[in-house]
Every structure is written in C-alpha cells, then in structure tokens.
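Source file: query_14.csv; contents: CSV, C-alpha atoms and all ligand atoms.
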chain,number,residue,atom,x,y,z
A,1,VAL,CA,-31.2,-66.1,-7.2
A,2,SER,CA,-31.1,-69.8,-7.7
A,3,ILE,CA,-32.4,-72.9,-6.0
A,4,ARG,CA,-30.9,-76.4,-5.7
A,5,LEU,CA,-33.2,-79.1,-6.9
A,6,GLU,CA,-33.0,-82.8,-7.5
A,7,ARG,CA,-29.7,-84.2,-8.7
A,8,GLY,CA,-27.9,-81.1,-7.7
A,9,VAL,CA,-29.2,-79.2,-10.7
A,10,VAL,CA,-29.2,-75.4,-10.1
A,11,MET,CA,-32.3,-73.9,-11.5
A,12,GLU,CA,-33.5,-70.3,-11.4
A,13,TRP,CA,-36.6,-69.5,-9.4
A,14,GLU,CA,-38.3,-68.1,-12.5
A,15,ARG,CA,-37.9,-71.4,-14.3
A,16,PHE,CA,-38.9,-73.4,-11.2
A,17,PHE,CA,-42.2,-71.4,-11.1
A,18,VAL,CA,-43.2,-71.9,-14.7
A,19,PRO,CA,-45.2,-75.2,-14.4
A,20,TYR,CA,-46.8,-74.0,-11.2
A,21,GLN,CA,-47.9,-70.7,-12.8
A,22,GLN,CA,-49.3,-72.7,-15.7
A,23,ALA,CA,-51.2,-75.0,-13.4
A,24,VAL,CA,-52.8,-72.1,-11.5
A,25,THR,CA,-53.7,-70.4,-14.7
A,26,GLU,CA,-55.3,-73.5,-16.2
A,27,LEU,CA,-57.1,-74.5,-13.0
A,28,LYS,CA,-58.6,-71.0,-12.6
A,29,VAL,CA,-60.0,-71.1,-16.2
A,30,LYS,CA,-61.4,-74.6,-15.7
A,31,LEU,CA,-63.0,-73.9,-12.4
A,32,ARG,CA,-64.4,-70.6,-13.5
A,33,GLY,CA,-65.7,-72.4,-16.5
A,34,LEU,CA,-67.7,-74.8,-14.3
A,35,ARG,CA,-69.4,-71.8,-12.7
A,36,ASP,CA,-70.3,-70.4,-16.1
A,37,GLN,CA,-71.8,-73.8,-17.1
A,38,TYR,CA,-74.2,-73.6,-14.1
A,39,GLU,CA,-75.1,-70.0,-15.0
A,40,LYS,CA,-75.8,-70.8,-18.7
A,41,GLU,CA,-78.1,-73.6,-17.5
A,42,GLY,CA,-79.9,-71.1,-15.3
A,43,LYS,CA,-78.8,-73.1,-12.2
A,44,ASN,CA,-77.5,-71.8,-8.9
A,45,SER,CA,-73.7,-72.4,-9.0
A,46,PRO,CA,-72.1,-73.9,-5.9
A,47,ILE,CA,-69.0,-72.0,-7.0
A,48,GLU,CA,-69.3,-68.3,-6.2
A,49,PHE,CA,-65.8,-67.2,-7.2
A,50,VAL,CA,-62.3,-68.6,-7.8
A,51,THR,CA,-58.9,-67.1,-7.0
A,52,GLY,CA,-55.4,-68.5,-7.4
A,53,ARG,CA,-51.8,-67.7,-6.7
A,54,VAL,CA,-48.3,-69.1,-6.9
A,55,LYS,CA,-46.6,-69.0,-3.5
A,56,SER,CA,-44.1,-66.1,-3.4
A,57,LYS,CA,-40.4,-66.8,-3.2
A,58,SER,CA,-40.1,-65.2,0.2
A,59,SER,CA,-43.0,-67.3,1.5
A,60,ILE,CA,-41.4,-70.5,0.3
A,61,GLU,CA,-38.1,-69.5,1.8
A,62,GLU,CA,-39.8,-68.7,5.1
A,63,LYS,CA,-41.6,-72.1,5.1
A,64,ILE,CA,-38.3,-73.9,4.3
A,65,VAL,CA,-36.8,-72.5,7.5
A,66,ARG,CA,-39.9,-72.9,9.7
A,67,ARG,CA,-40.5,-76.5,8.7
A,68,HIS,CA,-36.8,-77.4,8.3
A,69,LEU,CA,-37.4,-78.5,4.7
A,70,GLU,CA,-34.7,-79.7,2.4
A,71,GLU,CA,-34.5,-77.6,-0.8
A,72,SER,CA,-34.1,-80.8,-2.9
A,73,ARG,CA,-37.5,-82.1,-1.7
A,74,LEU,CA,-39.3,-78.8,-2.2
A,75,ALA,CA,-41.6,-79.9,-5.0
A,76,LEU,CA,-42.6,-83.0,-2.9
A,77,ASP,CA,-42.9,-81.4,0.6
A,78,LEU,CA,-44.5,-78.1,-0.3
A,79,GLN,CA,-48.0,-79.0,-1.5
A,80,ASP,CA,-49.2,-75.4,-2.0
A,81,ILE,CA,-46.7,-73.8,-4.2
A,82,ALA,CA,-49.6,-73.7,-6.7
A,83,GLY,CA,-52.8,-72.7,-4.8
A,84,VAL,CA,-56.4,-72.3,-6.0
A,85,ARG,CA,-59.3,-71.2,-3.8
A,86,ILE,CA,-62.9,-71.8,-4.5
A,87,MET,CA,-65.5,-69.8,-2.5
A,88,THR,CA,-69.0,-70.9,-2.0
A,89,LYS,CA,-72.1,-69.2,-0.6
A,90,TYR,CA,-73.2,-72.0,1.7
A,91,VAL,CA,-71.4,-74.6,3.8
A,92,GLU,CA,-73.2,-77.5,2.0
A,93,ASP,CA,-71.9,-76.1,-1.3
A,94,VAL,CA,-68.4,-76.9,-0.1
A,95,TYR,CA,-69.2,-80.6,-0.2
A,96,THR,CA,-70.9,-80.2,-3.6
A,97,VAL,CA,-67.7,-78.7,-5.0
A,98,VAL,CA,-65.6,-81.5,-3.4
A,99,GLU,CA,-67.8,-84.0,-5.2
A,100,LEU,CA,-67.3,-82.1,-8.5
A,101,LEU,CA,-63.6,-82.2,-8.0
A,102,ARG,CA,-63.6,-85.9,-7.1
A,103,ASP,CA,-65.4,-86.6,-10.4
A,104,ARG,CA,-62.8,-84.9,-12.6
A,105,THR,CA,-60.4,-86.9,-14.7
A,106,ASP,CA,-57.9,-84.1,-15.5
A,107,PHE,CA,-56.1,-84.4,-12.2
A,108,GLN,CA,-55.6,-86.9,-9.4
A,109,ILE,CA,-56.5,-86.2,-5.8
A,110,LEU,CA,-53.8,-87.3,-3.4
A,111,GLU,CA,-55.1,-86.0,-0.1
A,112,GLU,CA,-58.1,-84.4,1.5
A,113,ARG,CA,-58.2,-82.5,4.8
A,114,ASP,CA,-61.6,-81.4,6.1
A,115,TYR,CA,-60.9,-78.4,8.3
A,116,VAL,CA,-64.6,-77.3,7.7
A,117,MET,CA,-66.0,-79.8,10.1
A,118,ASN,CA,-62.7,-80.1,12.1
A,119,ALA,CA,-61.5,-76.5,12.5
A,120,LYS,CA,-57.8,-75.9,13.2
A,121,PRO,CA,-57.0,-74.7,16.8
A,122,SER,CA,-56.8,-71.1,15.4
A,123,GLY,CA,-60.5,-71.4,14.4
A,124,TYR,CA,-59.5,-71.7,10.7
A,125,ARG,CA,-62.0,-73.6,8.5
A,126,SER,CA,-61.6,-74.7,4.9
A,127,TYR,CA,-61.6,-78.0,2.9
A,128,HIS,CA,-58.1,-78.7,1.5
A,129,ILE,CA,-57.5,-81.0,-1.5
A,130,VAL,CA,-54.0,-81.8,-2.7
A,131,ILE,CA,-53.9,-82.8,-6.3
A,132,GLU,CA,-51.3,-83.9,-8.8
A,133,TYR,CA,-51.8,-81.8,-11.9
A,134,PRO,CA,-50.2,-82.6,-15.3
A,135,VAL,CA,-48.8,-79.6,-17.1
A,136,GLN,CA,-47.9,-80.0,-20.7
A,137,MET,CA,-44.4,-78.5,-21.2
A,138,TYR,CA,-42.5,-78.5,-24.5
A,139,GLY,CA,-40.3,-81.2,-23.1
A,140,GLY,CA,-43.2,-83.4,-22.1
A,141,GLU,CA,-45.6,-83.7,-19.2
A,142,LYS,CA,-44.7,-82.4,-15.8
A,143,LYS,CA,-46.8,-83.3,-12.8
A,144,VAL,CA,-47.0,-80.7,-10.1
A,145,LEU,CA,-48.7,-80.7,-6.7
A,146,ALA,CA,-51.4,-78.1,-6.2
A,147,GLU,CA,-53.6,-77.3,-3.2
A,148,ILE,CA,-57.3,-76.5,-3.8
A,149,GLN,CA,-58.9,-74.8,-0.8
A,150,VAL,CA,-62.7,-74.8,-0.7
A,151,ARG,CA,-64.5,-72.5,1.8
A,152,THR,CA,-67.5,-70.3,2.2
A,153,ILE,CA,-67.3,-66.6,1.6
A,154,ALA,CA,-67.6,-66.0,5.4
A,155,MET,CA,-64.7,-68.5,6.1
A,156,ASN,CA,-62.7,-66.6,3.5
A,157,VAL,CA,-63.3,-63.2,5.1
A,158,TRP,CA,-62.1,-64.6,8.5
A,159,ALA,CA,-59.0,-66.3,7.0
A,160,THR,CA,-58.1,-63.2,5.0
A,161,ILE,CA,-58.3,-61.0,8.1
A,162,GLU,CA,-56.5,-63.5,10.4
A,163,HIS,CA,-53.8,-64.0,7.8
A,164,ASP,CA,-53.3,-60.2,7.4
A,165,LEU,CA,-53.1,-59.6,11.2
A,166,ARG,CA,-50.8,-62.6,11.7
A,167,TYR,CA,-48.5,-61.3,8.9
A,168,LYS,CA,-48.4,-57.9,10.5
A,169,HIS,CA,-47.3,-59.5,13.8
A,170,GLY,CA,-44.4,-61.5,12.2
A,171,ASP,CA,-46.5,-64.7,11.9
A,172,GLU,CA,-47.2,-65.0,15.6
A,173,LEU,CA,-50.3,-63.3,16.9
A,174,PRO,CA,-50.4,-61.9,20.5
A,175,ALA,CA,-52.3,-64.4,22.6
A,176,GLU,CA,-55.2,-62.1,23.4
A,177,MET,CA,-55.7,-61.3,19.7
A,178,ALA,CA,-55.5,-65.0,18.7
A,179,GLU,CA,-58.1,-65.8,21.3
A,180,GLN,CA,-60.5,-63.1,20.0
A,181,LEU,CA,-60.0,-64.4,16.5
A,182,THR,CA,-60.8,-67.9,17.5
A,183,ILE,CA,-64.0,-66.8,19.2
A,184,LEU,CA,-64.8,-64.8,16.0
A,185,ALA,CA,-64.3,-67.9,13.9
A,186,GLU,CA,-66.8,-69.8,16.0
A,187,GLU,CA,-69.3,-67.0,15.7
A,188,ASN,CA,-68.6,-66.9,12.0
A,189,PHE,CA,-69.4,-70.6,11.6
A,190,GLU,CA,-72.6,-70.3,13.7
A,191,TRP,CA,-73.5,-67.6,11.2
A,192,ASP,CA,-72.8,-69.9,8.3
A,193,GLN,CA,-74.9,-72.6,9.8
A,194,ARG,CA,-77.8,-70.2,10.5
A,195,VAL,CA,-77.7,-69.2,6.9
A,196,SER,CA,-78.1,-72.8,5.9
A,197,GLU,CA,-81.0,-73.3,8.3
A,198,ILE,CA,-82.8,-70.3,6.9
A,199,ARG,CA,-82.1,-71.5,3.4
A,200,ALA,CA,-83.5,-75.0,4.2
A,201,THR,CA,-86.9,-73.4,5.2
A,202,GLU,CA,-87.4,-71.6,1.9
A,301,LIG,P1,-50.3,-68.8,2.7
A,301,LIG,O1,-49.6,-67.5,3.0
A,301,LIG,O2,-51.8,-68.8,2.6
A,301,LIG,O3,-49.6,-69.6,1.6
A,301,LIG,P2,-49.4,-75.7,8.1
A,301,LIG,O4,-48.5,-76.4,9.0
A,301,LIG,O5,-50.6,-75.2,8.9
A,301,LIG,O6,-48.8,-74.7,7.2
A,301,LIG,P3,-51.0,-78.0,7.2
A,301,LIG,O7,-51.5,-78.1,8.6
A,301,LIG,O8,-50.5,-79.2,6.5
A,301,LIG,O9,-49.9,-76.8,7.1
A,301,LIG,O10,-52.2,-77.4,6.4
A,301,LIG,P4,-52.3,-77.2,4.9
A,301,LIG,O11,-53.4,-78.0,4.4
A,301,LIG,O12,-51.0,-77.4,4.2
A,301,LIG,O13,-52.7,-75.7,4.8
A,301,LIG,C1,-51.8,-74.7,4.9
A,301,LIG,C2,-52.5,-73.5,4.3
A,301,LIG,O14,-53.9,-73.4,4.8
A,301,LIG,C3,-51.9,-72.2,4.7
A,301,LIG,O15,-50.9,-71.8,3.8
A,301,LIG,C4,-53.1,-71.2,4.6
A,301,LIG,O16,-53.4,-70.8,3.3
A,301,LIG,C5,-54.2,-72.1,5.2
A,301,LIG,N1,-54.2,-72.1,6.6
A,301,LIG,C6,-54.0,-73.1,7.4
A,301,LIG,N2,-54.2,-72.7,8.7
A,301,LIG,C7,-54.6,-71.4,8.7
A,301,LIG,C8,-54.9,-70.5,9.7
A,301,LIG,O17,-54.9,-70.8,10.9
A,301,LIG,N3,-55.2,-69.2,9.3
A,301,LIG,C9,-55.3,-68.9,8.0
A,301,LIG,N4,-55.6,-67.6,7.7
A,301,LIG,N5,-54.9,-69.7,7.0
A,301,LIG,C10,-54.6,-71.0,7.4
A,301,LIG,P5,-49.6,-71.0,4.4
A,301,LIG,O18,-48.4,-71.4,3.6
A,301,LIG,O19,-49.5,-71.2,5.9
A,301,LIG,O20,-50.0,-69.6,4.1
As a first step, turn the structure in this file into structure tokens.
Amino acid sequence: VSIRLERGVVMEWERFFVPYQQAVTELKVKLRGLRDQYEKEGKNSPIEFVTGRVKSKSSIEEKIVRRHLEESRLALDLQDIAGVRIMTKYVEDVYTVVELLRDRTDFQILEERDYVMNAKPSGYRSYHIVIEYPVQMYGGEKKVLAEIQVRTIAMNVWATIEHDLRYKHGDELPAEMAEQLTILAEENFEWDQRVSEIRATE
C-alpha cells in the first residue's frame, strides 16, 4: 500500500509513519520523565500517566474521506497522526501541565484548543495542543505535527467509553445514546469540580 505525498512522490505507509512513531516514542519518554522528576523530589506530580499512539492507517483513510482531505496535504491537515495524551488527577493540574508544555524549548506550540472549559457539543472535554516537533532523521531534521491532549482521568474514562460506543455504531451514535452520554459528561465534570472543591478545603 502506498500513499501519494508532496511532489507526486510515492511513499510507502511504513516509511511515512517513521518520523511520527519516533516523535510519539520520544514525547512519551520526555513527559514520563517529567513525572519522575516530581516523584524524585517528593512532590505531587500534575502528570498522572502518559499514553501515545500513531494514528492507524485505516483511521487516517477514514478521516481523508470524511473531511475531503487531499492526500498531498496530509502531513499539514492531519494534526494528530502523532498523538500523546497526558492524564491528570485534578482539573487545575490540566493548566499546570499546559504551562509546563508552554515553557519547553524542544518543540513549538502552533495551536491550543481549550475543550476543558468549552466542552464540545458531544460533552467531550480535553485541552488540545498542536505542536511542531523536530525529529532527527539520518537525512537531517524533519518537523512533524503532533497533538497533545491533556485531560483528567475522569474525562479520559468518558472519552474512552464514548469513543468505543461510537466506533461500535459506525462513528454515528444513535441520538438517544448520544444524549445520555452528553448528560453523563456533564455529571462527570461536576464530579471533577467537586473533587477540586474538596481538595481546596484540605
Ligand atoms: P481518534 O480515534 O481518537 O484519533 P474533529 O473534527 O472533531 O475530528 P477538531 O474539532 O479539530 O477535530 O478537534 P481536534 O482538536 O483535532 O481533536 C480531534 C480528536 O479529539 C479526536 O481524534 C479525538 O481523539 C478527540 N475528540 C474530539 N471530539 C471528541 C468526542 O466528541 N469524543 C471523543 N471520545 N473524542 C473526541 P479523532 O481522529 O476523531 O479520533
């Protein structure tokens, strides 16, 4: 299977994925390292755990069709081929992590989308940061886009379940189910906020 990229070059998917895989691997190590630094200092880490993945070929193909994307613009238009997720215990930690990311000099932030305070219509909450990450290849540096999603553990539970149910229904949830999930997302956020309130009284 091959993919048409810039200048009509035909490149195999496997080769296309190499810098993205490298970016995800490096970012996971670096962000998990931050967590370890807090722990070694005996401090409470705002980062609870980190996951990462490279978007699957089928998921990319599906998004090309759904969003009418041009294959030649794939690396520019698809910002989350490389994706890293940072989970926090508390809502306020999301913003501590965002500050940590803004202070870094090993990548450049291109865009931020705050779906934590401004939930998507589905009820989805998460803070999205699109970065330009330089990967060292043997032929020189290659900058790739990557999306870092920062969310609480509770938001992650909701998003994981909703994603799973949506996938099982061919990416389109039955209206009743979608409604129930939106209500659940709101209750989930209320729960997150109550946790913060309780924490503030300690
Ligand atoms: P996957 O399978 O996780 O890779 P959009 O038009 O929503 O795709 P938008 O509005 O620009 O894109 O948002 P953005 O910042 O690109 O975020 C898209 C990603 O955020 C999604 O990737 C999901 O990971 C997550 N996301 C956004 N909305 C929802 C939602 O309603 N429910 C869940 N569970 N996740 C969401 P993909 O490629 O859609 O999916």
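Among the candidates A:Ile47, A:Ala159, A:Val144, A:Met87, the one nearest to ligand LIG 301 (chain A) when counting all atoms listed in the file is A:Ala159.
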Handout entry: Point-to-point distance from atom CA of A:Glu112 to atom CA of A:Ile81, Å rounded to tenths
Key = 16.6 Å
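The nearest approach to A:Asn188 among the residues A:Ala146, A:Asp164, A:Ala175, A:Ala119, with only C-alpha atoms taken into account, belongs to A:Ala119.
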Exercise for the section: Enumerate residues in contact with ligand LIG 301 (chain A): an atom-to-atom distance of at most 9 Å, counting only C-alpha atoms and all ligand atoms. Format the result as an NGL selection string. Expected result: :A and (53-56 or 59-60 or 63 or 67 or 78-81 or 83 or 112-113 or 115 or 119-130 or 147 or 149 or 156 or 158-164 or 166-167)
Exercise for the section: Please return, as an MDAnalysis selection string, all polymer residues that have at least one atom within 12 Å of the point (-48.9, -71.4, -14.1); use only C-alpha atoms and the file's own coordinate frame. Expected result: chainID A and resid 14:29 52:55 81:84 133:137 142 144:146
Go ahead and dump the residues you just picked, C-alpha atoms, as a PDB file, in the coordinates of the input.
ATOM      1  CA  GLU A  14     -38.300 -68.100 -12.500  1.00  0.00           C
ATOM      2  CA  ARG A  15     -37.900 -71.400 -14.300  1.00  0.00           C
ATOM      3  CA  PHE A  16     -38.900 -73.400 -11.200  1.00  0.00           C
ATOM      4  CA  PHE A  17     -42.200 -71.400 -11.100  1.00  0.00           C
ATOM      5  CA  VAL A  18     -43.200 -71.900 -14.700  1.00  0.00           C
ATOM      6  CA  PRO A  19     -45.200 -75.200 -14.400  1.00  0.00           C
ATOM      7  CA  TYR A  20     -46.800 -74.000 -11.200  1.00  0.00           C
ATOM      8  CA  GLN A  21     -47.900 -70.700 -12.800  1.00  0.00           C
ATOM      9  CA  GLN A  22     -49.300 -72.700 -15.700  1.00  0.00           C
ATOM     10  CA  ALA A  23     -51.200 -75.000 -13.400  1.00  0.00           C
ATOM     11  CA  VAL A  24     -52.800 -72.100 -11.500  1.00  0.00           C
ATOM     12  CA  THR A  25     -53.700 -70.400 -14.700  1.00  0.00           C
ATOM     13  CA  GLU A  26     -55.300 -73.500 -16.200  1.00  0.00           C
ATOM     14  CA  LEU A  27     -57.100 -74.500 -13.000  1.00  0.00           C
ATOM     15  CA  LYS A  28     -58.600 -71.000 -12.600  1.00  0.00           C
ATOM     16  CA  VAL A  29     -60.000 -71.100 -16.200  1.00  0.00           C
ATOM     17  CA  GLY A  52     -55.400 -68.500  -7.400  1.00  0.00           C
ATOM     18  CA  ARG A  53     -51.800 -67.700  -6.700  1.00  0.00           C
ATOM     19  CA  VAL A  54     -48.300 -69.100  -6.900  1.00  0.00           C
ATOM     20  CA  LYS A  55     -46.600 -69.000  -3.500  1.00  0.00           C
ATOM     21  CA  ILE A  81     -46.700 -73.800  -4.200  1.00  0.00           C
ATOM     22  CA  ALA A  82     -49.600 -73.700  -6.700  1.00  0.00           C
ATOM     23  CA  GLY A  83     -52.800 -72.700  -4.800  1.00  0.00           C
ATOM     24  CA  VAL A  84     -56.400 -72.300  -6.000  1.00  0.00           C
ATOM     25  CA  TYR A 133     -51.800 -81.800 -11.900  1.00  0.00           C
ATOM     26  CA  PRO A 134     -50.200 -82.600 -15.300  1.00  0.00           C
ATOM     27  CA  VAL A 135     -48.800 -79.600 -17.100  1.00  0.00           C
ATOM     28  CA  GLN A 136     -47.900 -80.000 -20.700  1.00  0.00           C
ATOM     29  CA  MET A 137     -44.400 -78.500 -21.200  1.00  0.00           C
ATOM     30  CA  LYS A 142     -44.700 -82.400 -15.800  1.00  0.00           C
ATOM     31  CA  VAL A 144     -47.000 -80.700 -10.100  1.00  0.00           C
ATOM     32  CA  LEU A 145     -48.700 -80.700  -6.700  1.00  0.00           C
ATOM     33  CA  ALA A 146     -51.400 -78.100  -6.200  1.00  0.00           C
TER      34      ALA A 146
END
Problem - Who sits within 10 Å of stretch 89-92 of chain A, only C-alpha atoms, same chain under 2 positions skipped, as a count of residues only - result: 25
Would you place a box with edges along x, y and z of the file around all atoms of stretch 130-148 of chain A listed there, add 5 Å to each of its six sides, and report the centre and edge lengths in Å to one decimal, as JSON?
{"center_x": -48.8, "center_y": -80.2, "center_z": -13.6, "size_x": 27.0, "size_y": 17.4, "size_z": 31.8}
Practice task
For atom CA of A:Ile86 and atom CA of A:Val98, quote the distance in Å rounded to one decimal.
Solution key: 10.1 Å
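Across the structure, atom CA of A:Leu110 and atom CA of A:Val65 are spaced 25.0 Å apart.
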